[in-house]
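Containing CSV, C-alpha atoms and all ligand atoms: entry23.csv.
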```csv
chain,number,residue,atom,x,y,z
A,1,MET,CA,13.0,-0.6,20.3
A,2,THR,CA,11.3,-3.6,18.7
A,3,ALA,CA,10.4,-6.5,20.9
A,4,THR,CA,11.5,-10.0,19.8
A,5,ALA,CA,8.8,-12.3,18.5
A,6,SER,CA,7.6,-14.7,21.2
A,7,ILE,CA,6.6,-17.4,18.8
A,8,GLU,CA,8.9,-19.7,17.0
A,9,PHE,CA,8.7,-20.1,13.2
A,10,SER,CA,9.0,-23.6,11.7
A,11,VAL,CA,10.5,-23.7,8.3
A,12,THR,CA,9.5,-26.2,5.6
A,13,PRO,CA,11.6,-25.6,2.5
A,14,SER,CA,10.0,-25.9,-0.9
A,15,THR,CA,11.1,-29.0,-2.8
A,16,ASN,CA,9.9,-27.2,-5.9
A,17,ARG,CA,12.0,-24.0,-6.0
A,18,ARG,CA,12.4,-22.3,-9.3
A,19,SER,CA,15.8,-22.8,-10.8
A,20,GLU,CA,18.3,-19.9,-10.8
A,21,GLU,CA,17.7,-19.5,-14.5
A,22,ASP,CA,13.9,-19.4,-14.2
A,23,ARG,CA,14.2,-16.9,-11.3
A,24,ALA,CA,16.6,-14.7,-13.3
A,25,LYS,CA,14.2,-14.7,-16.2
A,26,ILE,CA,11.3,-13.6,-14.0
A,27,LEU,CA,13.4,-11.0,-12.2
A,28,ALA,CA,14.5,-9.5,-15.5
A,29,ASN,CA,10.9,-8.6,-16.3
A,30,PRO,CA,8.8,-9.1,-13.1
A,31,GLY,CA,5.8,-6.9,-13.9
A,32,PHE,CA,3.6,-6.4,-10.8
A,33,GLY,CA,1.7,-8.9,-8.7
A,34,VAL,CA,1.9,-11.8,-11.3
A,35,ASN,CA,4.9,-13.7,-10.1
A,36,PHE,CA,5.5,-15.0,-6.6
A,37,SER,CA,8.6,-16.2,-4.6
A,38,ASP,CA,9.0,-19.8,-3.6
A,39,HIS,CA,7.7,-19.5,0.0
A,40,MET,CA,5.1,-17.9,2.1
A,41,VAL,CA,4.5,-17.3,5.8
A,42,GLY,CA,1.4,-18.5,7.7
A,43,ILE,CA,0.4,-17.9,11.3
A,44,ASP,CA,-2.9,-19.2,12.7
A,45,TRP,CA,-5.1,-17.7,15.3
A,46,SER,CA,-8.0,-18.9,17.4
A,47,VAL,CA,-9.8,-17.6,20.4
A,48,ASP,CA,-8.5,-20.5,22.5
A,49,LEU,CA,-4.8,-20.7,21.3
A,50,GLY,CA,-4.2,-17.1,20.3
A,51,TRP,CA,-1.5,-16.8,17.6
A,52,HIS,CA,0.2,-20.2,16.9
A,53,ASN,CA,1.6,-22.4,14.3
A,54,ALA,CA,3.9,-19.8,12.8
A,55,ARG,CA,5.6,-21.2,9.8
A,56,VAL,CA,7.5,-20.7,6.6
A,57,GLN,CA,6.1,-23.0,4.0
A,58,PRO,CA,6.2,-23.6,0.2
A,59,TYR,CA,4.1,-21.0,-1.7
A,60,GLY,CA,0.9,-22.6,-2.8
A,61,PRO,CA,-2.9,-22.6,-2.8
A,62,LEU,CA,-4.8,-22.3,0.5
A,63,SER,CA,-7.3,-25.0,1.4
A,64,LEU,CA,-10.4,-23.1,2.8
A,65,ASP,CA,-13.7,-24.4,3.9
A,66,PRO,CA,-16.3,-23.0,1.6
A,67,ALA,CA,-18.3,-21.7,4.6
A,68,CYS,CA,-15.4,-19.7,6.1
A,69,SER,CA,-16.5,-16.1,6.8
A,70,VAL,CA,-13.9,-14.3,4.6
A,71,LEU,CA,-15.6,-15.7,1.6
A,72,HIS,CA,-19.1,-14.5,2.6
A,73,TYR,CA,-18.6,-11.4,4.8
A,74,ALA,CA,-15.2,-10.1,3.5
A,75,GLN,CA,-13.7,-10.2,7.0
A,76,GLU,CA,-10.2,-9.5,5.6
A,77,ILE,CA,-7.4,-7.0,6.0
A,78,PHE,CA,-4.0,-6.6,4.2
A,79,GLU,CA,-0.8,-4.6,4.0
A,80,GLY,CA,1.6,-3.7,1.3
A,81,LEU,CA,5.3,-2.9,1.7
A,82,LYS,CA,8.5,-3.5,-0.2
A,83,ALA,CA,11.9,-5.1,0.3
A,84,TYR,CA,14.6,-3.0,-1.4
A,85,ARG,CA,18.0,-4.3,-2.4
A,86,HIS,CA,20.8,-1.8,-1.8
A,87,ALA,CA,24.0,-1.5,-3.8
A,88,ASP,CA,26.0,-3.7,-1.3
A,89,GLY,CA,23.5,-6.5,-1.7
A,90,SER,CA,21.7,-6.0,1.6
A,91,VAL,CA,17.9,-6.1,1.8
A,92,TRP,CA,15.9,-3.5,3.7
A,93,ALA,CA,12.3,-2.6,4.5
A,94,PHE,CA,10.9,0.9,4.7
A,95,ARG,CA,9.1,1.8,8.0
A,96,PRO,CA,7.7,-1.7,8.5
A,97,GLN,CA,6.7,-0.8,12.0
A,98,ALA,CA,4.2,1.7,10.5
A,99,ASN,CA,2.7,-1.2,8.5
A,100,ALA,CA,2.5,-3.3,11.6
A,101,ALA,CA,0.7,-0.6,13.5
A,102,ARG,CA,-1.7,0.1,10.7
A,103,MET,CA,-2.5,-3.6,10.3
A,104,GLN,CA,-3.4,-3.6,14.0
A,105,ARG,CA,-5.7,-0.7,13.5
A,106,SER,CA,-7.3,-2.4,10.5
A,107,ALA,CA,-7.7,-5.6,12.5
A,108,GLU,CA,-9.5,-3.8,15.2
A,109,ARG,CA,-12.0,-2.2,12.8
A,110,LEU,CA,-12.6,-5.5,11.0
A,111,ALA,CA,-12.9,-7.4,14.3
A,112,LEU,CA,-9.9,-9.5,13.4
A,113,PRO,CA,-7.1,-10.4,15.9
A,114,PRO,CA,-4.3,-7.8,15.8
A,115,LEU,CA,-0.8,-9.4,15.2
A,116,PRO,CA,1.8,-8.0,17.5
A,117,GLU,CA,4.4,-5.8,15.9
A,118,ALA,CA,7.3,-8.2,16.8
A,119,GLU,CA,5.5,-11.1,15.0
A,120,PHE,CA,4.7,-9.0,12.0
A,121,LEU,CA,8.4,-7.9,11.6
A,122,GLU,CA,9.7,-11.4,12.3
A,123,SER,CA,7.3,-12.9,9.6
A,124,ILE,CA,8.8,-10.6,7.0
A,125,ARG,CA,12.4,-11.4,8.2
A,126,GLN,CA,11.6,-15.1,8.0
A,127,LEU,CA,10.3,-14.9,4.5
A,128,ILE,CA,13.2,-12.8,3.3
A,129,MET,CA,15.7,-15.2,4.9
A,130,VAL,CA,14.5,-18.1,2.6
A,131,ASP,CA,13.6,-16.0,-0.4
A,132,LYS,CA,16.1,-13.1,-0.4
A,133,ASP,CA,17.3,-14.1,-3.9
A,134,TRP,CA,13.8,-13.0,-5.1
A,135,VAL,CA,14.6,-9.3,-4.3
A,136,PRO,CA,15.6,-7.9,-7.6
A,137,SER,CA,18.5,-5.5,-8.0
A,138,ALA,CA,17.7,-3.4,-11.1
A,139,PRO,CA,16.9,0.3,-10.5
A,140,GLU,CA,13.5,1.0,-9.0
A,141,THR,CA,12.7,-2.7,-8.6
A,142,SER,CA,11.7,-4.4,-5.3
A,143,LEU,CA,10.1,-7.4,-3.7
A,144,TYR,CA,6.6,-6.4,-2.9
A,145,LEU,CA,5.4,-8.0,0.4
A,146,ARG,CA,1.7,-8.6,0.9
A,147,PRO,CA,0.7,-9.6,4.5
A,148,PHE,CA,-3.0,-10.3,5.0
A,149,THR,CA,-5.3,-11.8,7.6
A,150,ILE,CA,-8.5,-13.7,6.8
A,151,ALA,CA,-11.4,-15.0,8.9
A,152,SER,CA,-11.1,-18.7,8.5
A,153,GLU,CA,-13.7,-20.1,10.8
A,154,ARG,CA,-16.3,-22.4,9.2
A,155,PHE,CA,-19.5,-20.6,10.2
A,156,LEU,CA,-22.1,-18.7,8.3
A,157,GLY,CA,-23.5,-16.8,11.3
A,158,VAL,CA,-22.8,-13.1,11.2
A,159,ARG,CA,-20.3,-12.3,14.0
A,160,ALA,CA,-16.5,-11.9,14.3
A,161,ALA,CA,-14.8,-15.2,13.4
A,162,GLN,CA,-13.2,-17.2,16.2
A,163,LYS,CA,-10.5,-18.4,13.9
A,164,ALA,CA,-8.2,-16.5,11.6
A,165,SER,CA,-5.0,-16.9,9.6
A,166,TYR,CA,-2.3,-14.4,8.7
A,167,TYR,CA,-0.1,-14.9,5.7
A,168,VAL,CA,2.7,-13.1,3.9
A,169,ILE,CA,3.4,-13.6,0.2
A,170,ALA,CA,6.0,-11.9,-1.8
A,171,SER,CA,6.0,-10.7,-5.4
A,172,PRO,CA,8.9,-9.3,-7.4
A,173,ALA,CA,8.0,-5.8,-8.8
A,174,GLY,CA,9.5,-4.1,-11.8
A,175,ALA,CA,9.9,-0.4,-12.1
A,176,TYR,CA,6.5,1.2,-11.9
A,177,PHE,CA,7.3,3.5,-14.7
A,178,PRO,CA,9.7,1.6,-16.9
A,179,LYS,CA,9.5,4.3,-19.7
A,180,GLY,CA,10.0,7.2,-17.3
A,181,VAL,CA,7.5,8.7,-14.9
A,182,ALA,CA,4.4,9.7,-16.9
A,183,PRO,CA,1.7,12.0,-15.5
A,184,VAL,CA,-1.9,10.6,-15.4
A,185,SER,CA,-5.4,12.0,-15.6
A,186,ILE,CA,-7.7,11.4,-12.7
A,187,TRP,CA,-11.5,11.1,-12.9
A,188,VAL,CA,-13.6,12.4,-10.0
A,189,SER,CA,-16.5,10.0,-9.3
A,190,GLU,CA,-19.8,11.8,-9.2
A,191,HIS,CA,-22.0,9.0,-7.9
A,192,TYR,CA,-19.8,6.6,-6.0
A,193,THR,CA,-17.9,7.1,-2.8
A,194,ARG,CA,-15.1,4.9,-1.4
A,195,ALA,CA,-15.8,5.2,2.3
A,196,ALA,CA,-18.5,6.6,4.5
A,197,ARG,CA,-18.3,8.4,7.8
A,198,GLY,CA,-17.9,5.7,10.4
A,199,GLY,CA,-17.2,3.1,7.7
A,200,THR,CA,-14.0,1.2,7.0
A,201,GLY,CA,-12.2,3.9,4.9
A,202,ALA,CA,-9.2,4.2,7.3
A,203,ALA,CA,-8.8,0.4,7.4
A,204,LYS,CA,-6.8,-1.4,4.7
A,205,CYS,CA,-9.4,-4.0,3.9
A,206,GLY,CA,-10.4,-5.8,0.7
A,207,GLY,CA,-13.9,-4.5,0.8
A,208,ASN,CA,-12.8,-0.9,0.2
A,209,TYR,CA,-11.1,-2.1,-3.0
A,210,SER,CA,-14.0,-4.1,-4.3
A,211,ALA,CA,-16.2,-1.0,-3.9
A,212,SER,CA,-13.7,1.0,-5.9
A,213,LEU,CA,-13.6,-1.2,-8.9
A,214,LEU,CA,-16.7,-0.1,-10.7
A,215,PRO,CA,-15.9,3.6,-10.3
A,216,GLN,CA,-12.4,2.8,-11.6
A,217,GLN,CA,-14.0,1.3,-14.7
A,218,GLU,CA,-15.9,4.5,-15.1
A,219,ALA,CA,-12.6,6.4,-14.9
A,220,TYR,CA,-11.2,4.2,-17.7
A,221,LYS,CA,-14.2,5.0,-19.9
A,222,HIS,CA,-13.4,8.7,-19.5
A,223,GLY,CA,-9.7,8.1,-20.5
A,224,CYS,CA,-8.5,8.4,-17.0
A,225,SER,CA,-6.3,5.9,-15.2
A,226,GLN,CA,-7.5,6.4,-11.6
A,227,VAL,CA,-10.6,7.5,-9.8
A,228,LEU,CA,-10.6,10.3,-7.2
A,229,PHE,CA,-13.3,10.0,-4.5
A,230,LEU,CA,-15.0,12.9,-2.7
A,231,ASP,CA,-16.3,12.7,0.8
A,232,ALA,CA,-19.5,10.7,1.3
A,233,VAL,CA,-21.2,13.3,3.5
A,234,ASP,CA,-21.2,16.4,1.3
A,235,GLY,CA,-19.6,15.3,-1.9
A,236,THR,CA,-17.6,18.5,-1.6
A,237,TYR,CA,-14.1,17.6,-0.3
A,238,LEU,CA,-11.4,15.6,-1.9
A,239,GLU,CA,-10.5,12.3,-0.1
A,240,GLU,CA,-8.2,10.0,-2.1
A,241,LEU,CA,-7.8,7.7,-5.0
A,242,GLY,CA,-8.8,4.0,-5.0
A,243,GLY,CA,-5.4,3.1,-3.5
A,244,MET,CA,-3.4,6.2,-3.2
A,245,ASN,CA,-3.4,9.5,-1.3
A,246,LEU,CA,-3.4,12.9,-2.9
A,247,PHE,CA,-1.2,16.0,-2.7
A,248,LEU,CA,-1.4,19.4,-4.3
A,249,VAL,CA,1.6,21.8,-4.7
A,250,ARG,CA,1.0,25.5,-4.6
A,251,LYS,CA,3.0,27.9,-6.7
A,252,ASP,CA,4.8,29.1,-3.6
A,253,GLY,CA,6.1,25.6,-3.1
A,254,SER,CA,3.9,24.7,-0.1
A,255,LEU,CA,1.9,21.4,0.0
A,256,LEU,CA,-1.7,20.7,0.6
A,257,THR,CA,-3.2,17.3,1.3
A,258,PRO,CA,-6.6,16.2,2.6
A,259,SER,CA,-6.6,15.8,6.4
A,260,LEU,CA,-7.3,12.4,7.9
A,261,THR,CA,-11.0,12.5,8.5
A,262,GLY,CA,-11.5,8.9,9.4
A,263,SER,CA,-12.6,7.8,6.0
A,264,ILE,CA,-9.1,8.3,4.4
A,265,LEU,CA,-6.4,5.6,4.5
A,266,GLU,CA,-3.4,6.9,6.3
A,267,GLY,CA,-0.6,6.1,3.9
A,268,VAL,CA,2.9,5.5,5.0
A,269,THR,CA,4.1,7.2,1.8
A,270,ARG,CA,1.8,10.2,2.6
A,271,ASP,CA,3.2,10.5,6.1
A,272,SER,CA,6.8,10.2,4.9
A,273,LEU,CA,6.4,12.8,2.2
A,274,ILE,CA,4.9,15.3,4.7
A,275,GLN,CA,8.0,14.7,6.9
A,276,LEU,CA,10.5,15.1,3.9
A,277,ALA,CA,8.7,18.3,2.8
A,278,LYS,CA,8.9,19.7,6.3
A,279,ASP,CA,12.6,18.8,6.5
A,280,GLN,CA,13.0,21.0,3.4
A,281,GLY,CA,11.4,23.8,5.3
A,282,ARG,CA,8.2,23.7,3.3
A,283,VAL,CA,4.7,24.4,4.7
A,284,VAL,CA,2.5,21.3,4.6
A,285,GLU,CA,-1.2,22.0,5.2
A,286,GLU,CA,-3.4,19.1,6.1
A,287,ARG,CA,-7.0,20.2,5.8
A,288,GLN,CA,-10.3,19.7,4.0
A,289,ILE,CA,-9.9,20.7,0.4
A,290,THR,CA,-12.9,21.4,-1.8
A,291,LEU,CA,-13.2,20.2,-5.4
A,292,GLU,CA,-14.0,23.7,-6.4
A,293,GLU,CA,-10.8,25.0,-4.9
A,294,VAL,CA,-8.8,22.5,-7.1
A,295,GLN,CA,-10.8,23.3,-10.2
A,296,VAL,CA,-10.0,27.0,-9.8
A,297,GLY,CA,-6.5,26.6,-8.6
A,298,MET,CA,-5.3,24.2,-11.3
A,299,ASN,CA,-6.6,26.5,-14.0
A,300,ASN,CA,-5.4,29.8,-12.6
A,301,GLY,CA,-2.0,28.5,-11.6
A,302,GLU,CA,-2.4,28.8,-7.9
A,303,ILE,CA,-2.0,25.0,-7.8
A,304,ALA,CA,1.1,24.3,-9.8
A,305,GLU,CA,1.4,20.5,-9.3
A,306,ALA,CA,-0.6,17.5,-8.2
A,307,PHE,CA,0.4,14.0,-7.4
A,308,ALA,CA,-0.8,10.7,-5.9
A,309,CYS,CA,1.3,8.6,-3.6
A,310,GLY,CA,1.4,5.1,-2.3
A,311,THR,CA,3.9,2.2,-1.8
A,312,ALA,CA,3.5,0.7,-5.2
A,313,ALA,CA,4.2,3.7,-7.4
A,314,VAL,CA,5.8,5.9,-4.7
A,315,ILE,CA,4.6,9.1,-6.5
A,316,THR,CA,2.5,9.4,-9.6
A,317,PRO,CA,2.3,12.9,-11.1
A,318,ILE,CA,-1.2,14.1,-12.0
A,319,CYS,CA,-1.6,16.3,-15.1
A,320,SER,CA,-5.4,16.8,-15.0
A,321,ILE,CA,-8.4,16.2,-12.8
A,322,LYS,CA,-11.6,15.7,-14.7
A,323,GLY,CA,-15.2,15.1,-13.9
A,324,LYS,CA,-18.7,15.5,-15.3
A,325,GLY,CA,-18.6,18.9,-17.0
A,326,PHE,CA,-15.1,20.1,-16.0
A,327,VAL,CA,-11.4,19.7,-16.7
A,328,ALA,CA,-8.8,21.1,-14.3
A,329,GLY,CA,-5.2,21.1,-15.5
A,330,ARG,CA,-4.0,19.9,-18.9
A,331,ASP,CA,-3.5,16.4,-20.3
A,332,ASP,CA,-0.1,17.5,-21.7
A,333,ALA,CA,1.2,19.0,-18.5
A,334,PRO,CA,4.6,17.6,-17.6
A,335,ALA,CA,5.4,16.1,-14.2
A,336,GLY,CA,5.9,18.8,-11.6
A,337,GLU,CA,9.4,19.7,-10.5
A,338,LEU,CA,8.7,19.4,-6.8
A,339,THR,CA,6.7,16.2,-7.4
A,340,MET,CA,9.8,14.6,-9.1
A,341,SER,CA,12.2,15.9,-6.5
A,342,LEU,CA,10.2,14.5,-3.6
A,343,ARG,CA,10.0,11.2,-5.5
A,344,LYS,CA,13.7,11.1,-5.8
A,345,ALA,CA,14.3,12.1,-2.2
A,346,LEU,CA,12.1,9.3,-0.9
A,347,THR,CA,13.4,6.6,-3.3
A,348,ASP,CA,17.0,7.6,-2.6
A,349,ILE,CA,16.4,6.8,1.1
A,350,GLN,CA,14.6,3.5,0.2
A,351,TYR,CA,17.3,2.3,-2.1
A,352,GLY,CA,20.1,3.4,0.2
A,353,ARG,CA,21.4,6.1,-2.1
A,354,ALA,CA,20.9,8.8,0.5
A,355,GLY,CA,21.2,9.0,4.3
A,356,ASP,CA,18.3,7.9,6.5
A,357,PRO,CA,17.9,10.8,9.0
A,358,HIS,CA,14.7,9.4,10.5
A,359,GLY,CA,15.8,5.8,10.9
A,360,TRP,CA,13.1,4.6,8.5
A,361,MET,CA,15.0,1.6,7.1
A,362,MET,CA,15.1,-1.8,8.7
A,363,ARG,CA,17.6,-4.3,7.6
A,364,LEU,CA,16.1,-7.7,6.6
A,365,ALA,CA,19.1,-9.5,5.2
B,401,LIG,C1,-2.5,1.4,0.9
B,401,LIG,C2,-3.3,2.6,0.5
B,401,LIG,C3,-2.8,3.8,0.4
B,401,LIG,C4,-1.3,4.1,0.4
B,401,LIG,O1,-0.7,3.7,1.6
B,401,LIG,P1,0.9,3.5,1.6
B,401,LIG,O2,1.1,3.1,3.0
B,401,LIG,O3,1.5,4.8,1.3
B,401,LIG,O4,1.2,2.5,0.6
B,401,LIG,C5,-3.7,4.9,0.1
B,401,LIG,N1,-5.0,4.7,0.0
B,401,LIG,C6,-5.5,3.5,0.1
B,401,LIG,C7,-7.0,3.3,0.0
B,401,LIG,C8,-4.8,2.4,0.4
B,401,LIG,O5,-5.3,1.2,0.5
```
Translate the structure described by the file into structure tokens.
Ligand SMILES: *Cc1c(COP(=O)(O)O)cnc(C)c1O
Amino acid sequence: MTATASIEFSVTPSTNRRSEEDRAKILANPGFGVNFSDHMVGIDWSVDLGWHNARVQPYGPLSLDPACSVLHYAQEIFEGLKAYRHADGSVWAFRPQANAARMQRSAERLALPPLPEAEFLESIRQLIMVDKDWVPSAPETSLYLRPFTIASERFLGVRAAQKASYYVIASPAGAYFPKGVAPVSIWVSEHYTRAARGGTGAAKCGGNYSASLLPQQEAYKHGCSQVLFLDAVDGTYLEELGGMNLFLVRKDGSLLTPSLTGSILEGVTRDSLIQLAKDQGRVVEERQITLEEVQVGMNNGEIAEAFACGTAAVITPICSIKGKGFVAGRDDAPAGELTMSLRKALTDIQYGRAGDPHGWMMRLA
């Protein structure tokens, strides 16, 4: 059961809403992360008052004191989930409780206040209530929801901020693969790691992403679209991509994915795919996987498919994994069969085209 939110949201409607025509134009070709709906949610927090001032307000710039600690010490966390429109017009979120719980874990690691699940879920409901027309209806489109919390206290001292603010913004998202799902090549970073033992790798925080941008540029230089990080201790085991988890499919149809070591982000998509594969009676092994095992396996056929997963792209097939002095797989390899069938199984649930045996969907409007 989900508790009801104990704080009331005030609603200040935008006086500057986009016209139906402008919105339709945007929704016809939304891209990703470039357009935003008419409203946003804000909730403030302070040591004295706890969470307060919950509100739906017009989307617009924040006014921040230049000394607030998010700008200096990156005390920030975020989430990413989607609102899906079903054929009957209703709007649904996929496992938002999992995002709420993860955001609480991220908050704890970054010494930010955890937002209770009920308030997290209510914040999303409130935003959809005013901006539900921003949820597109074309196939594979969605309204991407981005909750985030920042340390907003004006103070340059290095300690956990005593003031923070939580926001939710919403961005219509087009189909991730408008021309059909295309496999990508992945570059294994030799020098850079994403997350250290005891670091913030398991938390969804902006700092992890800023540390991944330079290695990502390195991947581009090698003709790859994403970077794959190895563990920071031995540089031997696969961890994950900059923003997606990794799966391998063996030729016997079993799956293999790096175990959660504390430096890997626990993806909701990862967890859901493990469940769906197990529902199909497949073996899913979560363990440490060496890069060498993947190099050998992708070239001798023991590993038949590879894919990355996350909320934005759901599943991205991987055709080849490259690094200094090696290539595993082939650039012209097609998307794997199981890769694509898992992608379909998950998106069918998300878009209401299939039953929801695990009760993953939550109606928003
Ligand atoms: C968000 C994220 C993922 C994917 O998580 P989902 O819940 O499946 O979207 C994977 N890795 C990193 C580093 C992430 O930030």
Checklist entry - Which neighbours of A:Cys319 fall inside 12 Å, counting all atoms listed in the file, when residues of the same chain fewer than 4 positions from it are skipped, and could you give them as JSON, numbers by chain? => result {"A": [181, 182, 183, 184, 185, 186, 187, 224, 225, 248, 298, 299, 303, 304, 305, 306, 307, 308, 327, 328, 329, 330, 331, 332, 333, 334, 335, 336, 339]}
Item to check | All residues 9 Å or closer to stretch 88-103 of chain A, all atoms listed in the file, same chain fewer than 4 positions away omitted, as a PyMOL selection string | outcome: chain A and resi 2+77-84+107-108+114-118+120-121+128+132+135+137+147-148+203-204+266+268+349-352+359-365
Item to check | Which of A:Ala175, A:Val34, A:Ala211, A:Leu241 sits closest to ligand LIG 401 (chain B) [using only C-alpha atoms and all ligand atoms] | outcome: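 Residue with the minimum atom-to-atom distance to ligand LIG 401 (chain B): A:Leu241.
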Item to check | Neighbourhood of ligand LIG 401 (chain B) at 8 Å, counting only C-alpha atoms and all ligand atoms, reported as a PyMOL selection string | outcome: chain A and resi 79-81+99+201-205+208-209+240-245+264-271+309-312+314
Item to check | Gap from atom CA of A:Glu153 to atom CA of A:Ser165 - Å, one decimal | outcome: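 Computing it gives 9.3 Å between the two atoms.
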Checklist entry - Counting all atoms listed in the file, which of A:Leu156, A:Leu49, A:Ala74, A:Val11 gets nearest to A:Met129? => result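 Distance minimum relative to A:Met129 lands on A:Val11.
Each of A:Ile321, A:Leu127, A:Ala219, A:Ile289 was checked against A:Tyr237 using only C-alpha atoms; the smallest atom-to-atom distance is that of A:Ile289.
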Checklist entry - By how many Å are atom CA of A:Gly207 and atom CA of A:Leu238 apart? => result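 Rounded to one decimal, the two atoms are 20.4 Å apart.
Take the candidates A:Ala111, A:Leu346, A:Val284, A:Val47 and check each one against A:Val158 using all atoms listed in the file; the shortest distance goes to A:Ala111.
If only C-alpha atoms are the atoms counted, then among A:Gln216, A:Ala87, A:Arg18, A:Leu255 the closest residue to A:Asp348 is A:Ala87.
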Checklist entry - Which is closest to A:Gln75 among A:Val41, A:Ala170, A:Ala161, A:Val56, if we use all atoms listed in the file? => result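 Going through A:Val41, A:Ala170, A:Ala161, A:Val56 one by one, the smallest distance to A:Gln75 is for A:Ala161.
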Checklist entry - Distance atom CA of A:Leu230-atom CA of A:Gly262, one decimal place? => result 13.2 Å
List the neighbours of A:Val188 out to 7 Å using all atoms listed in the file; skip same-chain residues closer than 6 positions along the sequence, and give me the result as a PDB file with C-alpha atoms, in the coordinates of the input.
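selection-v2.pdb was written with the following content:
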```pdb
ATOM      1  CA  VAL A 227     -10.600   7.500  -9.800  1.00  0.00           C
ATOM      2  CA  LEU A 228     -10.600  10.300  -7.200  1.00  0.00           C
ATOM      3  CA  PHE A 229     -13.300  10.000  -4.500  1.00  0.00           C
ATOM      4  CA  LYS A 322     -11.600  15.700 -14.700  1.00  0.00           C
ATOM      5  CA  GLY A 323     -15.200  15.100 -13.900  1.00  0.00           C
TER       6      GLY A 323
END
```
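For A:Ser14, the set of protein, DNA and RNA residues having any atom at most 12 Å away, when counting only C-alpha atoms and skipping those fewer than 4 positions along the same chain, is Arg18, Ser19, Ser37, Asp38, His39, Met40, Val56, Gln57, Pro58, Tyr59, Gly60, Val130 and Asp131 of chain A.
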Item to check | Protein, DNA and RNA residues within 9 Å of (9.1, -8.3, -11.2), only C-alpha atoms, as a list in words | outcome: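 In the file's frame, the residues around the point are Ile26, Leu27, Ala28, Asn29, Pro30, Gly31, Phe32, Gly33, Val34, Asn35, Phe36, Val135, Pro136, Thr141, Ser142, Leu143, Tyr144, Ser171, Pro172, Ala173, Gly174 and Ala175 of chain A.
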Next on the checklist: Which residues are close to A:Asp65, i.e. within 12 Å by only C-alpha atoms, leaving aside same-chain residues fewer than 5 positions away? Reply as a PyMOL selection string.
Outcome noted: chain A and resi 70-72+151-156
